[in-house]
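**Q** model-v7.txt is reproduced below (compact mmCIF, C-alpha atoms (C1' of nucleotides)).
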```txt
# COMPACT_ATOMS: atom_id res chain seq x y z
CA MET N 1 -20.77 14.39 21.03
CA PRO N 2 -19.15 10.96 20.58
CA LYS N 3 -15.84 10.73 18.79
CA ILE N 4 -14.69 8.06 16.39
CA LYS N 5 -11.12 7.25 15.46
CA VAL N 6 -10.55 6.46 11.79
CA ALA N 7 -7.25 4.98 10.62
CA THR N 8 -5.80 4.06 7.23
CA PHE N 9 -3.28 1.23 7.03
CA ASN N 10 -1.57 -0.36 4.03
CA VAL N 11 -0.94 -3.79 5.54
CA ASN N 12 0.97 -5.44 2.66
CA SER N 13 -1.07 -8.69 2.85
CA VAL N 14 -3.83 -9.04 5.42
CA LYS N 15 -2.97 -12.70 5.95
CA ALA N 16 0.72 -12.09 6.60
CA ARG N 17 -0.18 -9.20 8.91
CA LEU N 18 -3.03 -10.85 10.79
CA PRO N 19 -1.29 -11.37 14.17
CA ASN N 20 0.14 -7.84 14.15
CA LEU N 21 -3.19 -6.38 13.06
CA LEU N 22 -5.14 -8.06 15.84
CA VAL N 23 -2.71 -6.76 18.46
CA TRP N 24 -2.87 -3.25 16.98
CA LEU N 25 -6.69 -3.25 16.84
CA LYS N 26 -6.84 -4.14 20.50
CA GLU N 27 -4.23 -1.60 21.61
CA PHE N 28 -5.04 1.34 19.33
CA ALA N 29 -8.77 0.59 19.27
CA PRO N 30 -9.74 2.38 16.06
CA ASP N 31 -13.47 2.53 15.33
CA VAL N 32 -12.99 2.45 11.56
CA VAL N 33 -10.01 1.08 9.61
CA LEU N 34 -9.34 1.58 5.91
CA LEU N 35 -7.10 -1.25 4.70
CA GLN N 36 -5.04 -1.43 1.52
CA GLU N 37 -3.05 -4.18 -0.17
CA ILE N 38 -4.98 -7.00 1.43
CA LYS N 39 -3.64 -9.19 -1.41
CA CYS N 40 -6.45 -11.74 -1.28
CA MET N 41 -9.84 -12.38 -2.80
CA ASP N 42 -13.04 -11.63 -0.86
CA ASP N 43 -13.53 -15.28 0.13
CA GLY N 44 -9.95 -15.50 1.39
CA PHE N 45 -10.28 -12.57 3.79
CA PRO N 46 -9.93 -13.73 7.43
CA ARG N 47 -13.35 -12.41 8.39
CA MET N 48 -13.91 -14.42 11.53
CA GLU N 49 -10.80 -13.13 13.26
CA PHE N 50 -11.86 -9.50 12.73
CA GLU N 51 -15.46 -10.19 13.65
CA ASP N 52 -14.27 -11.74 16.88
CA ALA N 53 -12.33 -8.52 17.50
CA GLY N 54 -15.58 -6.56 17.17
CA TYR N 55 -15.51 -5.33 13.59
CA ASN N 56 -17.86 -5.45 10.65
CA ILE N 57 -16.16 -5.95 7.30
CA ALA N 58 -16.51 -4.88 3.68
CA THR N 59 -13.94 -6.06 1.15
CA HIS N 60 -13.00 -5.48 -2.46
CA GLY N 61 -10.39 -8.15 -2.99
CA GLN N 62 -8.12 -9.35 -5.77
CA LYS N 63 -5.79 -12.29 -6.09
CA THR N 64 -2.11 -11.59 -5.27
CA TYR N 65 -2.16 -7.83 -5.80
CA ASN N 66 -3.99 -4.75 -4.49
CA GLY N 67 -7.28 -5.26 -2.63
CA VAL N 68 -8.94 -2.84 -0.20
CA ALA N 69 -11.29 -3.22 2.74
CA ILE N 70 -13.18 -1.36 5.45
CA LEU N 71 -13.42 -2.47 9.07
CA SER N 72 -15.91 -0.74 11.34
CA LYS N 73 -17.29 -1.27 14.82
CA SER N 74 -20.57 0.06 13.39
CA PRO N 75 -22.47 -1.64 10.57
CA ILE N 76 -21.22 -0.74 7.06
CA GLU N 77 -23.99 0.34 4.69
CA ASP N 78 -24.32 1.20 0.99
CA VAL N 79 -20.98 -0.34 0.02
CA ALA N 80 -19.67 0.55 -3.45
CA ARG N 81 -16.71 -1.25 -5.00
CA GLY N 82 -14.36 0.07 -7.66
CA LEU N 83 -13.56 3.59 -8.83
CA PRO N 84 -16.01 4.80 -11.51
CA GLY N 85 -14.82 6.07 -14.86
CA ASP N 86 -13.23 3.05 -16.57
CA ASP N 87 -15.11 -0.21 -17.03
CA THR N 88 -11.94 -1.92 -18.28
CA ASP N 89 -10.06 -1.32 -15.00
CA VAL N 90 -9.92 -4.63 -13.15
CA GLN N 91 -7.58 -3.58 -10.32
CA ALA N 92 -9.19 -3.59 -6.85
CA ARG N 93 -8.12 -0.23 -5.48
CA TYR N 94 -11.26 1.51 -4.22
CA ILE N 95 -14.13 0.78 -1.84
CA GLU N 96 -16.50 3.07 -0.01
CA GLY N 97 -19.27 2.64 2.52
CA THR N 98 -21.27 4.47 5.16
CA VAL N 99 -20.36 3.93 8.83
CA TYR N 100 -21.92 5.23 12.03
CA GLY N 101 -25.09 5.96 10.09
CA SER N 102 -23.88 9.02 8.21
CA VAL N 103 -20.09 8.99 7.73
CA ARG N 104 -19.04 8.11 4.18
CA VAL N 105 -15.56 6.55 4.12
CA ALA N 106 -13.41 5.35 1.22
CA SER N 107 -10.32 3.15 1.26
CA ILE N 108 -7.96 4.09 -1.56
CA TYR N 109 -4.96 2.27 -2.96
CA LEU N 110 -3.70 4.65 -5.61
CA PRO N 111 -1.40 3.14 -8.25
CA ASN N 112 2.33 3.43 -7.60
CA GLY N 113 3.15 4.50 -11.16
CA ASN N 114 6.78 3.38 -11.37
CA PRO N 115 8.67 3.45 -13.56
CA VAL N 116 7.97 6.95 -14.87
CA GLY N 117 7.61 7.04 -18.64
CA THR N 118 5.74 3.76 -18.88
CA GLU N 119 2.06 2.88 -19.10
CA LYS N 120 2.14 2.38 -15.32
CA PHE N 121 2.73 6.09 -14.79
CA THR N 122 0.00 6.96 -17.29
CA TYR N 123 -2.36 4.61 -15.45
CA LYS N 124 -1.54 6.38 -12.18
CA LEU N 125 -2.27 9.84 -13.58
CA ASN N 126 -5.48 8.66 -15.25
CA TRP N 127 -6.56 7.01 -12.02
CA MET N 128 -5.96 10.26 -10.13
CA GLN N 129 -8.14 12.16 -12.60
CA ARG N 130 -10.89 9.58 -12.20
CA LEU N 131 -10.58 9.90 -8.42
CA ARG N 132 -10.84 13.68 -8.63
CA ALA N 133 -13.96 13.44 -10.82
CA HIS N 134 -15.56 10.97 -8.44
CA ILE N 135 -14.79 13.02 -5.32
CA LYS N 136 -16.10 16.15 -7.07
CA GLN N 137 -19.42 14.37 -7.60
CA GLN N 138 -19.51 12.99 -4.07
CA LEU N 139 -18.99 16.44 -2.58
CA PHE N 140 -22.38 17.53 -3.96
CA ASN N 141 -23.92 15.19 -1.36
CA ASP N 142 -22.71 17.46 1.48
CA GLU N 143 -21.77 14.46 3.60
CA ILE N 144 -19.30 13.86 6.38
CA ALA N 145 -16.84 12.06 4.09
CA LEU N 146 -13.28 10.79 4.45
CA TRP N 147 -11.04 9.46 1.66
CA GLY N 148 -8.18 7.65 3.34
CA GLY N 149 -5.50 5.45 1.93
CA ASP N 150 -2.17 4.92 0.28
CA TYR N 151 -2.13 7.76 -2.26
CA ASN N 152 1.38 6.90 -3.43
CA VAL N 153 2.12 10.63 -3.59
CA ILE N 154 4.76 12.48 -1.55
CA PRO N 155 3.05 15.88 -1.48
CA THR N 156 6.08 18.10 -0.79
CA ASP N 157 9.87 17.90 -0.54
CA GLY N 158 9.47 18.12 3.25
CA ASP N 159 7.66 14.77 3.22
CA VAL N 160 10.68 12.70 2.16
CA TRP N 161 13.97 11.85 3.85
CA ASN N 162 16.10 12.62 0.75
CA VAL N 163 14.75 14.50 -2.23
CA ALA N 164 17.68 13.60 -4.49
CA ALA N 165 17.33 9.88 -3.79
CA MET N 166 13.68 9.96 -4.84
CA LYS N 167 13.68 12.60 -7.57
CA ASP N 168 12.96 10.18 -10.42
CA ASP N 169 10.31 8.26 -8.50
CA ALA N 170 6.67 8.37 -9.59
CA LEU N 171 5.70 9.24 -5.99
CA MET N 172 7.09 12.76 -6.24
CA GLN N 173 6.87 13.70 -9.90
CA PRO N 174 5.40 17.16 -10.54
CA GLU N 175 2.45 15.54 -12.36
CA SER N 176 1.70 13.30 -9.37
CA ARG N 177 1.84 16.26 -7.00
CA ALA N 178 -0.26 18.44 -9.29
CA ASN N 179 -3.00 15.81 -9.42
CA PHE N 180 -2.90 15.44 -5.63
CA ARG N 181 -3.21 19.21 -5.22
CA ALA N 182 -6.06 19.27 -7.72
CA ILE N 183 -7.93 16.81 -5.50
CA LEU N 184 -7.23 18.89 -2.38
CA HIS N 185 -8.34 22.03 -4.19
CA LEU N 186 -11.82 20.62 -4.60
CA GLY N 187 -12.14 21.78 -1.01
CA LEU N 188 -10.74 18.86 0.96
CA THR N 189 -8.71 19.06 4.15
CA ASP N 190 -5.68 16.87 4.83
CA ALA N 191 -6.47 15.58 8.34
CA LEU N 192 -2.84 15.20 9.45
CA ARG N 193 -1.84 18.66 8.22
CA SER N 194 -4.65 20.40 10.05
CA PHE N 195 -2.95 19.43 13.32
CA HIS N 196 0.74 18.98 12.39
CA THR N 197 2.74 21.17 10.03
CA GLN N 198 6.28 19.96 10.63
CA ASP N 199 8.31 18.23 7.93
CA HIS N 200 9.59 14.65 8.01
CA MET N 201 6.50 12.94 9.38
CA TYR N 202 6.53 9.59 7.61
CA SER N 203 4.07 6.76 7.03
CA PHE N 204 6.32 4.46 4.98
CA TRP N 205 9.84 3.08 5.40
CA ASP N 206 11.25 0.60 2.90
CA TYR N 207 12.14 -2.87 4.12
CA GLN N 208 15.53 -2.49 2.47
CA ALA N 209 18.79 -0.84 3.45
CA GLY N 210 17.80 -0.29 7.11
CA ALA N 211 15.39 2.49 6.12
CA TRP N 212 13.34 2.21 9.34
CA GLN N 213 16.36 2.28 11.63
CA LYS N 214 17.78 5.31 9.77
CA ASP N 215 14.36 7.00 9.52
CA HIS N 216 14.64 7.07 5.74
CA GLY N 217 10.91 7.32 5.08
CA PHE N 218 8.28 9.29 3.29
CA LEU N 219 4.67 10.35 3.72
CA ILE N 220 2.29 8.78 1.20
CA ASP N 221 -0.69 7.72 3.33
CA HIS N 222 -3.25 10.47 3.75
CA ILE N 223 -6.79 11.07 5.00
CA LEU N 224 -8.64 13.76 3.07
CA CYS N 225 -11.82 15.22 4.57
CA SER N 226 -14.93 16.81 3.11
CA PRO N 227 -15.74 20.22 4.62
CA GLN N 228 -18.38 18.58 6.84
CA ALA N 229 -15.77 16.09 8.10
CA ALA N 230 -13.10 18.76 8.49
CA ASP N 231 -15.42 20.78 10.74
CA ARG N 232 -15.65 17.77 13.03
CA LEU N 233 -11.94 16.91 13.23
CA THR N 234 -10.61 16.83 16.78
CA ASN N 235 -7.18 15.26 16.26
CA ALA N 236 -4.95 13.41 13.80
CA GLY N 237 -1.59 11.71 13.79
CA ILE N 238 0.65 8.86 12.74
CA ASP N 239 0.93 5.73 14.89
CA LYS N 240 4.53 4.67 14.34
CA ASN N 241 4.32 1.78 16.76
CA PRO N 242 3.26 -0.96 14.29
CA ARG N 243 6.23 -0.26 11.99
CA GLY N 244 8.69 -1.15 14.77
CA GLN N 245 7.21 -4.58 15.42
CA GLU N 246 8.46 -7.92 14.13
CA LYS N 247 6.86 -8.90 10.82
CA ALA N 248 5.72 -5.31 10.25
CA SER N 249 4.16 -3.84 7.13
CA ASP N 250 6.37 -1.27 5.40
CA HIS N 251 3.58 1.28 6.08
CA THR N 252 2.27 2.48 9.43
CA PRO N 253 -1.23 3.82 10.19
CA VAL N 254 -2.30 7.44 9.73
CA TRP N 255 -5.37 8.33 11.79
CA CYS N 256 -7.82 11.07 12.70
CA GLU N 257 -10.66 11.61 15.16
CA ILE N 258 -13.99 13.20 14.31
CA ASN N 259 -17.12 14.05 16.27
CA VAL N 260 -20.14 12.17 14.98
C1' DA J 1 25.07 1.32 -11.06
C1' DT J 2 22.74 -2.37 -8.64
C1' DG J 3 20.65 -4.80 -4.95
C1' DC J 4 19.23 -4.46 -0.58
C1' DC J 5 13.56 -6.83 1.82
C1' DA J 6 9.04 -8.86 1.78
C1' DG J 7 4.83 -11.17 -0.06
C1' DG J 8 2.39 -14.17 -3.33
C1' DT J 9 2.27 -17.67 -6.74
C1' DA J 10 3.85 -21.43 -8.50
C1' DA J 11 7.43 -23.92 -8.41
C1' DC J 12 12.19 -25.07 -6.46
C1' DA J 13 12.43 -18.60 -9.86
C1' DC J 14 9.81 -14.72 -10.99
C1' DC J 15 6.92 -10.62 -10.48
C1' DT J 16 5.54 -6.51 -7.89
C1' DG J 17 6.11 -3.08 -4.69
C1' DA J 18 7.83 2.16 -3.29
```
Now, as a test, write the supplied structure out as structure tokens.
**A**
Amino acid sequence: MPKIKVATFNVNSVKARLPNLLVWLKEFAPDVVLLQEIKCMDDGFPRMEFEDAGYNIATHGQKTYNGVAILSKSPIEDVARGLPGDDTDVQARYIEGTVYGSVRVASIYLPNGNPVGTEKFTYKLNWMQRLRAHIKQQLFNDEIALWGGDYNVIPTDGDVWNVAAMKDDALMQPESRANFRAILHLGLTDALRSFHTQDHMYSFWDYQAGAWQKDHGFLIDHILCSPQAADRLTNAGIDKNPRGQEKASDHTPVWCEINV
DNA sequence: ATGCCAGGTAACACCTGA
């Protein structure tokens, strides 16, 4: 049975990251990539460069902020843009499509929510409830499905370098964690955690204060699997290599492999 | 207690991020 490697990567501007991304695609050779924070509109996405690297592309872009995309070596079918549940939401944070004929994938850029106590935090929690409702519906389709992205949630205290330093942050508020658990409890499997249980595995290190060099990071990028996808998981991990490069994103890819 | 760094936009400073 052939395997595909699916990775999620918050690139913090696809244009600024283009040279790094092209090197990473060649070296790591993912079959499907879920991108977040592309920070450009659909017509500004550097399509040709990715097509030349062997990928098909689906984008849901926005000027300056947010923006998500899917890259796949297979065609991408039945693309849907935007998270259902609020017609007034104009932020480009969700795209899904079918790859390799039968694998439903979504690229998620969940709102940050800082500072706590403002409408930004309320927006985050509402967005998480909309995401849960949408995933609940999607699960009735009994598909091989993966929801990967920047969830902007640190699931447990073991997923952060210093709990005290982050205690007031929206990423690890009890309400953020409860909503993340509520999504998992629909019956999803965290790909990384089905192969690695140790603490202090990070996917993000701030640009500031030498966080990367001191390993002051946290885990906020996750790939959640439907039961049908979980049954097909063969491996998962974090590729820390891109974070150590010049002109790196502040995130690094989280990935998994599934039989298709 | 605050800014640290980085990206984008529009302008030669400000906003946002996590």
**Q** For the interface of segment 10-80 of chain N with segment 86-105 of chain N (cut-off 6 Å, counting all atoms listed in the file), please tabulate each contacting residue of segment 10-80 of chain N alongside its nearest pair of atoms and their separation in Å to one decimal, rows sorted by chain and increasing number, as JSON lines.
**A**
```
{"residue": "N:Gln62", "atom": "CA", "partner": "N:Ala92", "partner_atom": "CA", "distance": 6.0}
{"residue": "N:Asn66", "atom": "CA", "partner": "N:Ala92", "partner_atom": "CA", "distance": 5.8}
{"residue": "N:Gly67", "atom": "CA", "partner": "N:Ala92", "partner_atom": "CA", "distance": 4.9}
{"residue": "N:Val68", "atom": "CA", "partner": "N:Arg93", "partner_atom": "CA", "distance": 5.9}
{"residue": "N:Ser74", "atom": "CA", "partner": "N:Tyr100", "partner_atom": "CA", "distance": 5.5}
{"residue": "N:Ile76", "atom": "CA", "partner": "N:Val99", "partner_atom": "CA", "distance": 5.1}
{"residue": "N:Glu77", "atom": "CA", "partner": "N:Thr98", "partner_atom": "CA", "distance": 5.0}
{"residue": "N:Asp78", "atom": "CA", "partner": "N:Gly97", "partner_atom": "CA", "distance": 5.5}
{"residue": "N:Val79", "atom": "CA", "partner": "N:Gly97", "partner_atom": "CA", "distance": 4.2}
{"residue": "N:Ala80", "atom": "CA", "partner": "N:Glu96", "partner_atom": "CA", "distance": 5.3}
```
**Q** Since we have the selection now, will you write its residues out, keeping C-alpha atoms, as a PDB file, in the coordinates of the input?
**A**
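Okay, this is what ended up in out19.pdb:
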```
ATOM      1  CA  GLN N  62      -8.120  -9.350  -5.770  1.00  0.00           C
ATOM      2  CA  ASN N  66      -3.990  -4.750  -4.490  1.00  0.00           C
ATOM      3  CA  GLY N  67      -7.280  -5.260  -2.630  1.00  0.00           C
ATOM      4  CA  VAL N  68      -8.940  -2.840  -0.200  1.00  0.00           C
ATOM      5  CA  SER N  74     -20.570   0.060  13.390  1.00  0.00           C
ATOM      6  CA  ILE N  76     -21.220  -0.740   7.060  1.00  0.00           C
ATOM      7  CA  GLU N  77     -23.990   0.340   4.690  1.00  0.00           C
ATOM      8  CA  ASP N  78     -24.320   1.200   0.990  1.00  0.00           C
ATOM      9  CA  VAL N  79     -20.980  -0.340   0.020  1.00  0.00           C
ATOM     10  CA  ALA N  80     -19.670   0.550  -3.450  1.00  0.00           C
TER      11      ALA N  80
END
```
**Q** Name the residues in contact with segment 2-15 of chain J at a cut-off of 6 Å, using only C-alpha atoms (C1' of nucleotides), excluding same-chain residues fewer than 6 positions from it; report them as a ChimeraX atom specification.
**A** /N:64,207-209
**Q** What separation in Å, quoted to one decimal, exists between atom CA of Tyr65 of chain N and atom CA of Pro111 of chain N?
**A** 11.3 Å
**Q** Can you work out which residues from chain N touch chain J at a cut-off of 10 Å (counting only C-alpha atoms (C1' of nucleotides)) and hand them back as a PyMOL selection string?
**A** chain N and resi 12-13+15-16+39-40+63-65+112-114+152+166+169-171+204-210+218+220+247-250
**Q** So that I can see what lies close to Gln129 of chain N, please list as JSON, numbers by chain the residues with an atom at most 10 Å from it, counting only C-alpha atoms (C1' of nucleotides) and leaving out residues fewer than 5 positions away in the same chain.
**A** {"N": [85, 123, 124, 134, 135, 179, 180, 182, 183]}
**Q** Would you compute the distance between atom CA of Ala7 of chain N and atom CA of Gly82 of chain N? Give it in Å to one decimal.
**A**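 One can read the atom CA of Ala7 of chain N to atom CA of Gly82 of chain N distance as 20.2 Å.
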**Q** Set the distance at 9 Å and use only C-alpha atoms (C1' of nucleotides): which residues neighbour Ala53 of chain N once local chain neighbours fewer than 6 positions away are removed? I'd like the list as a list in words.
**A**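 Once the adjacent positions are removed, what remains is Leu22, Leu25 and Lys26 of chain N.
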**Q** N:Ala106, N:Asp168, N:Cys256, N:Ile144: which is nearest Asp231 of chain N, counting only C-alpha atoms?
**A** N:Ile144
**Q** How many Å separate atom CA of Arg243 of chain N from atom CA of His216 of chain N?
**A** 12.8 Å
**Q** Using only C-alpha atoms (C1' of nucleotides), give me every residue within 10 Å of (-15.3, 24.5, 2.6) in file coordinates, as a PDB file with C-alpha atoms, in the frame of the given file.
**A**
```
ATOM      1  CA  LEU N 186     -11.820  20.620  -4.600  1.00  0.00           C
ATOM      2  CA  GLY N 187     -12.140  21.780  -1.010  1.00  0.00           C
ATOM      3  CA  LEU N 188     -10.740  18.860   0.960  1.00  0.00           C
ATOM      4  CA  THR N 189      -8.710  19.060   4.150  1.00  0.00           C
ATOM      5  CA  SER N 226     -14.930  16.810   3.110  1.00  0.00           C
ATOM      6  CA  PRO N 227     -15.740  20.220   4.620  1.00  0.00           C
ATOM      7  CA  GLN N 228     -18.380  18.580   6.840  1.00  0.00           C
ATOM      8  CA  ALA N 230     -13.100  18.760   8.490  1.00  0.00           C
ATOM      9  CA  ASP N 231     -15.420  20.780  10.740  1.00  0.00           C
TER      10      ASP N 231
END
```
**Q** As a compact mmCIF listing (two decimals), keeping the file's coordinate frame, could you write out segment 12-34 of chain N once it has been completed with N, CA and C atoms?
**A**
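Final output, saved to rebuild.txt:
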```txt
# COMPACT_ATOMS: atom_id res chain seq x y z
N ASN N 12 0.11 -4.56 3.46
CA ASN N 12 0.97 -5.44 2.66
C ASN N 12 0.69 -6.92 2.97
N SER N 13 -0.51 -7.34 2.63
CA SER N 13 -1.07 -8.69 2.85
C SER N 13 -1.76 -8.82 4.21
N VAL N 14 -3.07 -8.93 4.17
CA VAL N 14 -3.83 -9.04 5.42
C VAL N 14 -3.56 -10.37 6.11
N LYS N 15 -3.24 -11.40 5.33
CA LYS N 15 -2.97 -12.70 5.95
C LYS N 15 -1.61 -12.70 6.65
N ALA N 16 -0.61 -12.14 5.99
CA ALA N 16 0.72 -12.09 6.60
C ALA N 16 0.73 -11.18 7.83
N ARG N 17 -0.19 -10.19 7.84
CA ARG N 17 -0.18 -9.20 8.91
C ARG N 17 -1.19 -9.50 10.01
N LEU N 18 -1.91 -10.60 9.88
CA LEU N 18 -3.03 -10.85 10.79
C LEU N 18 -2.66 -10.78 12.28
N PRO N 19 -1.60 -11.46 12.73
CA PRO N 19 -1.29 -11.37 14.17
C PRO N 19 -0.99 -9.94 14.61
N ASN N 20 -0.18 -9.23 13.81
CA ASN N 20 0.14 -7.84 14.15
C ASN N 20 -1.11 -6.97 14.17
N LEU N 21 -1.97 -7.19 13.17
CA LEU N 21 -3.19 -6.38 13.06
C LEU N 21 -4.09 -6.57 14.27
N LEU N 22 -4.24 -7.80 14.71
CA LEU N 22 -5.14 -8.06 15.84
C LEU N 22 -4.61 -7.42 17.12
N VAL N 23 -3.31 -7.44 17.30
CA VAL N 23 -2.71 -6.76 18.46
C VAL N 23 -2.94 -5.25 18.37
N TRP N 24 -2.71 -4.70 17.18
CA TRP N 24 -2.87 -3.25 16.98
C TRP N 24 -4.32 -2.82 17.19
N LEU N 25 -5.27 -3.60 16.67
CA LEU N 25 -6.69 -3.25 16.84
C LEU N 25 -7.07 -3.20 18.31
N LYS N 26 -6.53 -4.11 19.08
CA LYS N 26 -6.84 -4.14 20.50
C LYS N 26 -6.20 -2.97 21.23
N GLU N 27 -4.95 -2.66 20.89
CA GLU N 27 -4.23 -1.60 21.61
C GLU N 27 -4.66 -0.20 21.17
N PHE N 28 -4.75 0.00 19.86
CA PHE N 28 -5.04 1.34 19.33
C PHE N 28 -6.54 1.60 19.31
N ALA N 29 -7.30 0.53 19.20
CA ALA N 29 -8.77 0.59 19.27
C ALA N 29 -9.40 1.58 18.30
N PRO N 30 -9.06 1.51 17.02
CA PRO N 30 -9.74 2.38 16.06
C PRO N 30 -11.19 1.93 15.89
N ASP N 31 -12.08 2.87 15.58
CA ASP N 31 -13.47 2.53 15.33
C ASP N 31 -13.69 2.13 13.88
N VAL N 32 -12.91 2.75 12.99
CA VAL N 32 -12.99 2.45 11.56
C VAL N 32 -11.57 2.32 11.03
N VAL N 33 -11.33 1.27 10.21
CA VAL N 33 -10.01 1.08 9.61
C VAL N 33 -10.17 0.91 8.11
N LEU N 34 -9.37 1.67 7.37
CA LEU N 34 -9.34 1.58 5.91
C LEU N 34 -8.07 0.82 5.54
```
